[in-house]
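What follows is the content of work_21.txt, which has compact mmCIF, C-alpha atoms:
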```
# COMPACT_ATOMS: atom_id res chain seq x y z
CA MET P 16 195.16 -117.14 228.01
CA ARG P 17 193.08 -117.48 231.15
CA PRO P 18 189.78 -119.24 230.34
CA VAL P 19 186.76 -116.96 230.64
CA LEU P 20 183.94 -118.26 228.47
CA ILE P 21 184.12 -121.93 229.48
CA PRO P 22 183.86 -121.24 233.25
CA ALA P 23 180.96 -118.88 232.51
CA LEU P 24 179.17 -121.61 230.54
CA GLU P 25 179.81 -124.09 233.35
CA ARG P 26 178.21 -121.69 235.85
CA ILE P 27 175.19 -121.39 233.55
CA GLY P 28 175.04 -125.18 233.33
CA ARG P 29 175.22 -125.48 237.11
CA ALA P 30 172.35 -123.02 237.48
CA ALA P 31 170.30 -125.06 234.99
CA LEU P 32 170.94 -128.27 236.94
CA ARG P 33 170.01 -126.56 240.19
CA SER P 34 166.77 -125.45 238.57
CA ARG P 35 166.04 -129.13 237.93
CA GLY P 36 166.33 -129.80 241.66
CA LEU P 37 169.89 -131.07 241.82
CA SER P 38 171.92 -129.82 244.74
CA SER P 39 175.44 -128.53 244.14
CA ARG P 40 177.50 -129.45 247.18
CA HIS P 41 180.91 -130.66 248.30
CA VAL P 42 181.92 -133.91 249.99
CA ASP P 43 185.30 -134.77 251.46
CA THR P 44 187.73 -137.30 249.99
CA PRO P 45 191.36 -138.26 250.75
CA LEU P 46 192.40 -135.80 248.01
CA GLY P 47 190.24 -132.98 249.36
CA PRO P 48 186.63 -131.83 248.93
CA ILE P 49 184.96 -132.54 245.61
CA HIS P 50 181.88 -131.00 244.05
CA VAL P 51 178.85 -133.23 243.46
CA TYR P 52 175.49 -132.79 241.75
CA ASP P 53 172.92 -134.82 243.65
CA GLY P 54 169.19 -134.82 243.13
CA GLN P 55 166.02 -136.84 243.19
CA GLY P 56 164.46 -138.16 240.02
CA GLN P 57 160.78 -138.58 239.24
CA GLY P 58 160.83 -142.23 238.21
CA ARG P 59 161.19 -145.74 239.59
CA LEU P 60 164.37 -146.90 237.86
CA PRO P 61 167.52 -147.34 239.97
CA PRO P 62 169.71 -144.38 240.95
CA ILE P 63 172.29 -143.39 238.34
CA VAL P 64 175.88 -142.28 238.94
CA LEU P 65 177.57 -140.39 236.06
CA LEU P 66 181.39 -140.35 235.87
CA HIS P 67 183.16 -138.02 233.43
CA GLY P 68 186.45 -138.20 231.53
CA VAL P 69 189.83 -136.67 232.30
CA GLY P 70 189.83 -132.88 232.01
CA SER P 71 186.04 -132.75 231.77
CA ASN P 72 183.51 -132.46 234.60
CA ALA P 73 179.95 -133.35 235.50
CA THR P 74 178.25 -130.22 234.12
CA PRO P 75 178.37 -131.32 230.45
CA PHE P 76 176.19 -134.27 231.46
CA ALA P 77 173.31 -131.76 231.83
CA PRO P 78 171.49 -132.73 228.57
CA LEU P 79 171.77 -136.40 229.54
CA ILE P 80 170.59 -135.70 233.08
CA ALA P 81 167.54 -133.84 231.76
CA ARG P 82 166.52 -136.96 229.82
CA LEU P 83 167.26 -139.46 232.62
CA GLN P 84 165.81 -137.60 235.60
CA PRO P 85 162.11 -138.24 234.84
CA HIS P 86 162.73 -142.00 234.90
CA VAL P 87 165.16 -142.69 237.78
CA ARG P 88 165.00 -142.37 241.55
CA ARG P 89 168.16 -140.30 241.92
CA ILE P 90 171.10 -138.85 239.98
CA VAL P 91 174.63 -138.38 241.36
CA ALA P 92 177.33 -136.73 239.21
CA PRO P 93 180.66 -135.79 240.85
CA ASP P 94 183.55 -133.64 239.66
CA TYR P 95 186.92 -135.28 240.28
CA PRO P 96 189.59 -133.48 242.38
CA GLY P 97 190.98 -130.59 240.34
CA HIS P 98 188.11 -130.80 237.83
CA GLY P 99 185.00 -128.68 237.38
CA PHE P 100 183.87 -127.00 240.59
CA SER P 101 186.10 -129.16 242.81
CA GLY P 102 189.11 -127.50 244.39
CA GLU P 103 192.71 -128.42 243.68
CA ALA P 104 193.81 -131.70 245.22
CA ARG P 105 195.83 -131.92 248.44
CA ALA P 106 198.31 -134.29 246.81
CA GLU P 107 199.34 -135.57 243.40
CA VAL P 108 196.37 -136.94 241.44
CA THR P 109 197.55 -140.30 240.15
CA PRO P 110 195.01 -142.82 238.82
CA VAL P 111 195.45 -144.89 242.00
CA ALA P 112 194.88 -141.85 244.23
CA LEU P 113 191.92 -140.73 242.12
CA PHE P 114 190.24 -144.14 242.26
CA GLU P 115 190.76 -144.31 246.03
CA ALA P 116 189.35 -140.81 246.53
CA MET P 117 186.33 -141.40 244.30
CA THR P 118 185.62 -144.79 245.88
CA THR P 119 185.49 -143.05 249.27
CA ALA P 120 183.15 -140.41 247.83
CA LEU P 121 180.82 -142.91 246.15
CA ASP P 122 180.69 -145.12 249.25
CA GLY P 123 179.40 -142.10 251.16
CA LEU P 124 176.98 -140.97 248.47
CA ILE P 125 175.34 -144.22 247.36
CA ASP P 126 172.76 -145.63 249.77
CA GLU P 127 171.44 -148.38 247.47
CA PRO P 128 172.84 -150.26 244.46
CA ALA P 129 173.13 -147.85 241.53
CA LEU P 130 173.55 -147.96 237.79
CA VAL P 131 177.07 -146.59 237.30
CA VAL P 132 177.72 -144.88 233.95
CA GLY P 133 181.28 -143.90 233.02
CA ASN P 134 182.80 -142.23 229.95
CA SER P 135 186.52 -142.52 229.09
CA LEU P 136 188.45 -142.21 232.38
CA GLY P 137 185.02 -142.40 234.04
CA GLY P 138 184.61 -145.83 232.43
CA ALA P 139 187.86 -147.01 234.00
CA LEU P 140 186.71 -145.61 237.34
CA ALA P 141 183.29 -147.27 236.98
CA LEU P 142 184.99 -150.60 236.36
CA HIS P 143 187.24 -150.13 239.38
CA TYR P 144 184.24 -149.40 241.55
CA ALA P 145 182.32 -152.40 240.18
CA ILE P 146 185.31 -154.68 240.82
CA THR P 147 185.97 -153.43 244.36
CA SER P 148 182.38 -152.74 245.47
CA PRO P 149 180.15 -155.04 243.40
CA ASP P 150 177.34 -154.97 245.98
CA ARG P 151 176.93 -151.23 245.36
CA VAL P 152 176.65 -151.52 241.56
CA ALA P 153 173.34 -152.73 240.13
CA GLY P 154 174.55 -152.34 236.57
CA LEU P 155 177.42 -150.89 234.59
CA VAL P 156 177.32 -148.73 231.44
CA LEU P 157 180.70 -148.06 229.84
CA LEU P 158 180.92 -145.34 227.18
CA SER P 159 184.27 -145.62 225.36
CA PRO P 160 185.98 -146.70 228.58
CA ALA P 161 189.68 -146.14 229.20
CA GLY P 162 191.67 -148.48 231.42
CA ALA P 163 192.51 -151.29 228.98
CA ALA P 164 195.96 -152.70 228.33
CA CYS P 165 197.68 -151.40 225.20
CA ARG P 166 201.07 -151.49 223.51
CA ASP P 167 203.75 -148.96 224.41
CA GLU P 168 203.50 -147.20 221.06
CA GLU P 169 199.71 -146.90 221.39
CA TRP P 170 200.06 -145.47 224.89
CA SER P 171 202.72 -142.97 223.76
CA ALA P 172 200.47 -141.80 220.93
CA LEU P 173 197.48 -141.49 223.24
CA ARG P 174 199.45 -139.50 225.81
CA ALA P 175 200.84 -137.23 223.07
CA SER P 176 197.30 -136.44 221.89
CA PHE P 177 196.72 -134.60 225.19
CA GLU P 178 199.62 -132.18 224.57
CA LEU P 179 197.62 -129.12 223.58
CA HIS P 180 200.02 -126.20 223.25
CA THR P 181 198.48 -124.41 220.26
CA ARG P 182 195.02 -123.85 218.87
CA ALA P 183 195.91 -126.24 216.05
CA ASP P 184 196.73 -128.95 218.62
CA THR P 185 193.40 -128.32 220.29
CA MET P 186 191.46 -128.54 217.04
CA VAL P 187 193.06 -131.92 216.24
CA PHE P 188 192.13 -133.13 219.73
CA ILE P 189 188.53 -131.90 219.39
CA GLU P 190 188.18 -133.70 216.06
CA ARG P 191 189.09 -136.94 217.83
CA LEU P 192 186.43 -136.49 220.53
CA TYR P 193 183.24 -136.14 218.52
CA HIS P 194 181.44 -137.81 215.64
CA ARG P 195 180.78 -134.30 214.38
CA VAL P 196 182.42 -131.37 216.18
CA PRO P 197 179.84 -128.97 217.69
CA LEU P 198 180.10 -125.38 216.54
CA LEU P 199 180.49 -124.19 220.14
CA ALA P 200 183.55 -126.42 220.62
CA ARG P 201 185.17 -124.82 217.56
CA ILE P 202 184.38 -121.34 218.87
CA LEU P 203 185.87 -122.11 222.30
CA ALA P 204 188.96 -123.94 221.02
CA HIS P 205 191.22 -121.01 221.93
CA GLU P 206 190.63 -121.60 225.66
CA LEU P 207 189.59 -125.25 225.75
CA ALA P 208 193.02 -126.66 226.61
CA ASP P 209 193.70 -124.38 229.59
CA ALA P 210 190.21 -125.03 230.96
CA THR P 211 190.37 -128.80 230.62
CA VAL P 212 193.24 -131.23 230.02
CA MET P 213 196.05 -128.74 230.68
CA ARG P 214 194.93 -128.13 234.28
CA ARG P 215 197.11 -129.53 237.05
CA ALA P 216 195.05 -132.60 238.01
CA PRO P 217 194.46 -133.86 234.45
CA ARG P 218 198.16 -133.37 233.67
CA GLU P 219 199.11 -135.41 236.73
CA ILE P 220 196.68 -138.19 235.84
CA ILE P 221 197.94 -138.43 232.26
CA ALA P 222 201.61 -138.22 233.27
CA SER P 223 201.35 -140.96 235.91
CA ALA P 224 199.05 -143.33 234.01
CA SER P 225 200.42 -146.37 232.24
CA GLY P 226 199.28 -148.60 229.42
CA ASP P 227 200.25 -151.55 231.60
CA ALA P 228 197.98 -150.61 234.53
CA ALA P 229 194.87 -152.28 233.15
CA HIS P 230 192.02 -153.94 234.96
CA PRO P 231 193.06 -157.62 235.24
CA PRO P 232 191.24 -159.98 232.86
CA GLU P 233 190.16 -162.25 235.72
CA ALA P 234 188.59 -159.30 237.57
CA LEU P 235 186.68 -158.20 234.47
CA ALA P 236 185.46 -161.72 233.73
CA ALA P 237 184.17 -162.07 237.30
CA LEU P 238 181.92 -158.99 237.22
CA PRO P 239 178.49 -160.25 238.37
CA MET P 240 176.28 -157.33 237.41
CA PRO P 241 174.77 -156.57 233.96
CA VAL P 242 177.28 -154.71 231.76
CA LEU P 243 176.72 -152.60 228.64
CA LEU P 244 179.69 -151.25 226.66
CA VAL P 245 179.03 -148.65 223.94
CA TRP P 246 181.96 -147.95 221.60
CA GLY P 247 180.89 -145.65 218.77
CA ARG P 248 182.20 -146.28 215.28
CA SER P 249 183.48 -142.68 215.25
CA GLU P 250 185.79 -143.36 218.23
CA ARG P 251 189.08 -141.70 217.26
CA LEU P 252 190.79 -141.03 220.60
CA LEU P 253 191.26 -144.48 222.15
CA PRO P 254 192.85 -147.25 220.08
CA ASP P 255 190.77 -150.18 218.86
CA SER P 256 192.89 -152.43 221.08
CA HIS P 257 190.98 -151.00 224.07
CA PHE P 258 187.72 -152.27 222.64
CA GLU P 259 189.28 -155.65 221.82
CA TYR P 260 190.66 -155.95 225.35
CA TYR P 261 187.21 -155.45 226.83
CA ARG P 262 185.59 -157.68 224.20
CA ARG P 263 187.91 -160.51 225.20
CA HIS P 264 187.78 -160.10 228.96
CA LEU P 265 184.39 -158.75 230.04
CA PRO P 266 182.00 -161.47 231.25
CA HIS P 267 179.98 -163.44 228.73
CA HIS P 268 176.78 -161.70 229.77
CA ALA P 269 178.20 -158.26 228.85
CA VAL P 270 176.57 -156.54 225.87
CA LEU P 271 178.98 -154.73 223.53
CA GLU P 272 177.65 -152.34 220.89
CA ARG P 273 179.35 -150.31 218.15
CA PRO P 274 176.74 -147.80 216.95
CA ASP P 275 177.19 -145.41 214.05
CA GLY P 276 177.18 -141.67 214.62
CA LEU P 277 178.83 -141.70 218.05
CA GLY P 278 182.41 -140.82 219.00
CA HIS P 279 184.47 -140.74 222.16
CA VAL P 280 181.91 -138.67 224.06
CA PRO P 281 178.63 -140.20 222.85
CA GLN P 282 176.57 -138.36 225.47
CA ALA P 283 177.61 -135.14 223.72
CA ASP P 284 177.10 -136.47 220.19
CA SER P 285 173.52 -137.57 220.91
CA PRO P 286 172.21 -137.24 224.47
CA SER P 287 168.81 -138.56 223.40
CA ARG P 288 170.17 -141.76 221.87
CA VAL P 289 172.47 -142.40 224.82
CA ALA P 290 169.76 -141.66 227.38
CA ASN P 291 167.31 -143.97 225.63
CA ARG P 292 169.87 -146.78 225.54
CA ILE P 293 170.71 -146.30 229.23
CA LEU P 294 167.02 -146.34 230.15
CA ARG P 295 166.37 -149.53 228.17
CA PHE P 296 169.31 -151.12 229.96
CA ALA P 297 168.08 -149.84 233.35
CA GLN P 298 164.68 -151.45 232.75
CA GLN P 299 166.41 -154.83 233.09
CA LEU P 300 167.71 -153.98 236.57
CA ARG P 301 164.38 -153.52 238.35
```
Same coordinates, now as structure tokens:
Amino acid sequence: MRPVLIPALERIGRAALRSRGLSSRHVDTPLGPIHVYDGQGQGRLPPIVLLHGVGSNATPFAPLIARLQPHVRRIVAPDYPGHGFSGEARAEVTPVALFEAMTTALDGLIDEPALVVGNSLGGALALHYAITSPDRVAGLVLLSPAGAACRDEEWSALRASFELHTRADTMVFIERLYHRVPLLARILAHELADATVMRRAPREIIASASGDAAHPPEALAALPMPVLLVWGRSERLLPDSHFEYYRRHLPHHAVLERPDGLGHVPQADSPSRVANRILRFAQQLR
């Protein structure tokens, strides 16, 4: 079934973000033009970059953006190639190609060191950017980040969880994303897969990713900027070995938290709690 309701809700979300003063524009990358929300804040805290997970897009960050914007100088939230309002990619979207394309985009967008916030695949991307461009990252917030090493059986199970061929498959997947599944997600389950992880770019990312292609321990340990990792106790999508990998290898100054009531997408479970924690962290960066 061709998705109808989800794209309509995304257009409503884009209109709401535009009403808050965020522009909705496209910038070029090696994989083709991508859509970006970009707008001024009303505060003095550093600019914030928000990076979403595979199959998602920047628009669902809207409740978080509404809470961050009064306190920061600027907000940048891109859609990856083949996600959200970005067009289909010019080539296959592997993790390596995605990271290269998004690094090019962020290099062109960021004009001062920013607080980079990434969820899931966005966490892996945020780490890549911090490792390769540390002078552009004032601080790093990782919300259930992907990109850790894991065993073959864990990776096979994780990849299989993205095979959403029936509504029942989709409901199981949704249950793994949230601490408590929103009613709207249940209502939209019949078209969620086709509108998200079953699109071409997400399928290519998942198919070409590997449990062995992790950020090297020495690169993680050498991160110079402040780091906050939030891994909710209701995390049910990524294996616990991901958290343990980051616990072992992130630098000693990194702060790791396991709060109750948050799942794989904590900014959806409680945008207020997540925004408040990000803002407290950002206060340290001034």
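Among the candidates P:Leu199, P:Val280, P:Leu121, P:Val132, the residue lying nearest to P:Leu157 is P:Val132 (atoms considered: all atoms listed in the file).
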* Excluding same-chain residues fewer than 5 positions from P:Gly162, what lies within 8 Å of it counting all atoms listed in the file, as a ChimeraX atom specification? -> /P:136,138-139,226,228-230,257
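Between atom CA of P:Asp43 and atom CA of P:Ala120 the interatomic distance comes to 7.0 Å.
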* Asked: Leaving out stretch 187-191 of chain P and any residue of its chain fewer than 2 positions from it, which residues lie within 10 Å of it when counting only C-alpha atoms, given as number ranges by chain?
  -> P: 176-179, 182-185, 193-197, 200-201, 204, 207-208, 249-253, 278-280
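For the point (198.7, -152.0, 229.9), the residues with an atom at a distance of at most 12 Å are Ala161, Gly162, Ala163, Ala164, Cys165, Arg166, Asp167, Glu168, Glu169, Trp170, Ser171, Ala224, Ser225, Gly226, Asp227, Ala228, Ala229, His230, Pro231, Pro232, Ser256, His257 and Tyr260 of chain P, counting only C-alpha atoms.
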* Take the point (169.5, -137.1, 233.0) as written in the file and pick out every residue within 12 Å of it, counting only C-alpha atoms; give the list as a PyMOL selection string. => chain P and resi 32+35-37+52-58+62-65+73-92+132+282+286-287+289-291+293-294
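Minimum distance to P:Ile221 across P:Pro110, P:Pro241, P:Gly102, P:Gly28 (counting only C-alpha atoms) occurs at P:Pro110.
In this model, the gap between atom CA of P:Gly123 and atom CA of P:Val51 comes to 11.8 Å.
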* Asked: If we count all atoms listed in the file, what is near P:Phe258 at a cut-off of 10 Å, once residues fewer than 4 positions away on the same chain are taken out, given as an MDAnalysis selection string?
  -> chainID P and resid 159:161 163 244:246 253:254 262:263 271 273
Restrict the selected residues to C-alpha atoms and save them as a PDB file, in the frame of the given file.
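See out.pdb below for the written result:
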```pdb
ATOM      1  CA  SER P 159     184.270-145.620 225.360  1.00  0.00           C
ATOM      2  CA  PRO P 160     185.980-146.700 228.580  1.00  0.00           C
ATOM      3  CA  ALA P 161     189.680-146.140 229.200  1.00  0.00           C
ATOM      4  CA  ALA P 163     192.510-151.290 228.980  1.00  0.00           C
ATOM      5  CA  LEU P 244     179.690-151.250 226.660  1.00  0.00           C
ATOM      6  CA  VAL P 245     179.030-148.650 223.940  1.00  0.00           C
ATOM      7  CA  TRP P 246     181.960-147.950 221.600  1.00  0.00           C
ATOM      8  CA  LEU P 253     191.260-144.480 222.150  1.00  0.00           C
ATOM      9  CA  PRO P 254     192.850-147.250 220.080  1.00  0.00           C
ATOM     10  CA  ARG P 262     185.590-157.680 224.200  1.00  0.00           C
ATOM     11  CA  ARG P 263     187.910-160.510 225.200  1.00  0.00           C
ATOM     12  CA  LEU P 271     178.980-154.730 223.530  1.00  0.00           C
ATOM     13  CA  ARG P 273     179.350-150.310 218.150  1.00  0.00           C
TER      14      ARG P 273
END
```
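Here atom CA of P:Thr118 stands at a distance of 25.2 Å from atom CA of P:Gln299.
Summary of the local environment: counting all atoms listed in the file, residues at most 8 Å from P:Ile146, other than itself and those fewer than 3 positions away along its chain, are Leu142, His143, Pro149, Ala234, Leu235 and Leu238 of chain P.
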With all atoms of stretch 183-201 of chain P from the file as input, state the centre and edge lengths in Å to one decimal of the axis-aligned box that has 3 Å extra on each side, as JSON.
```
{"center_x": 188.3, "center_y": -131.0, "center_z": 217.5, "size_x": 22.9, "size_y": 19.6, "size_z": 12.2}
```
* Please provide the set of residues having any atom within 10 Å of P:Ala237, restricted to all atoms listed in the file, with same-chain residues fewer than 4 positions apart removed, written as a PyMOL selection string. => chain P and resi 146+232-233+264-267
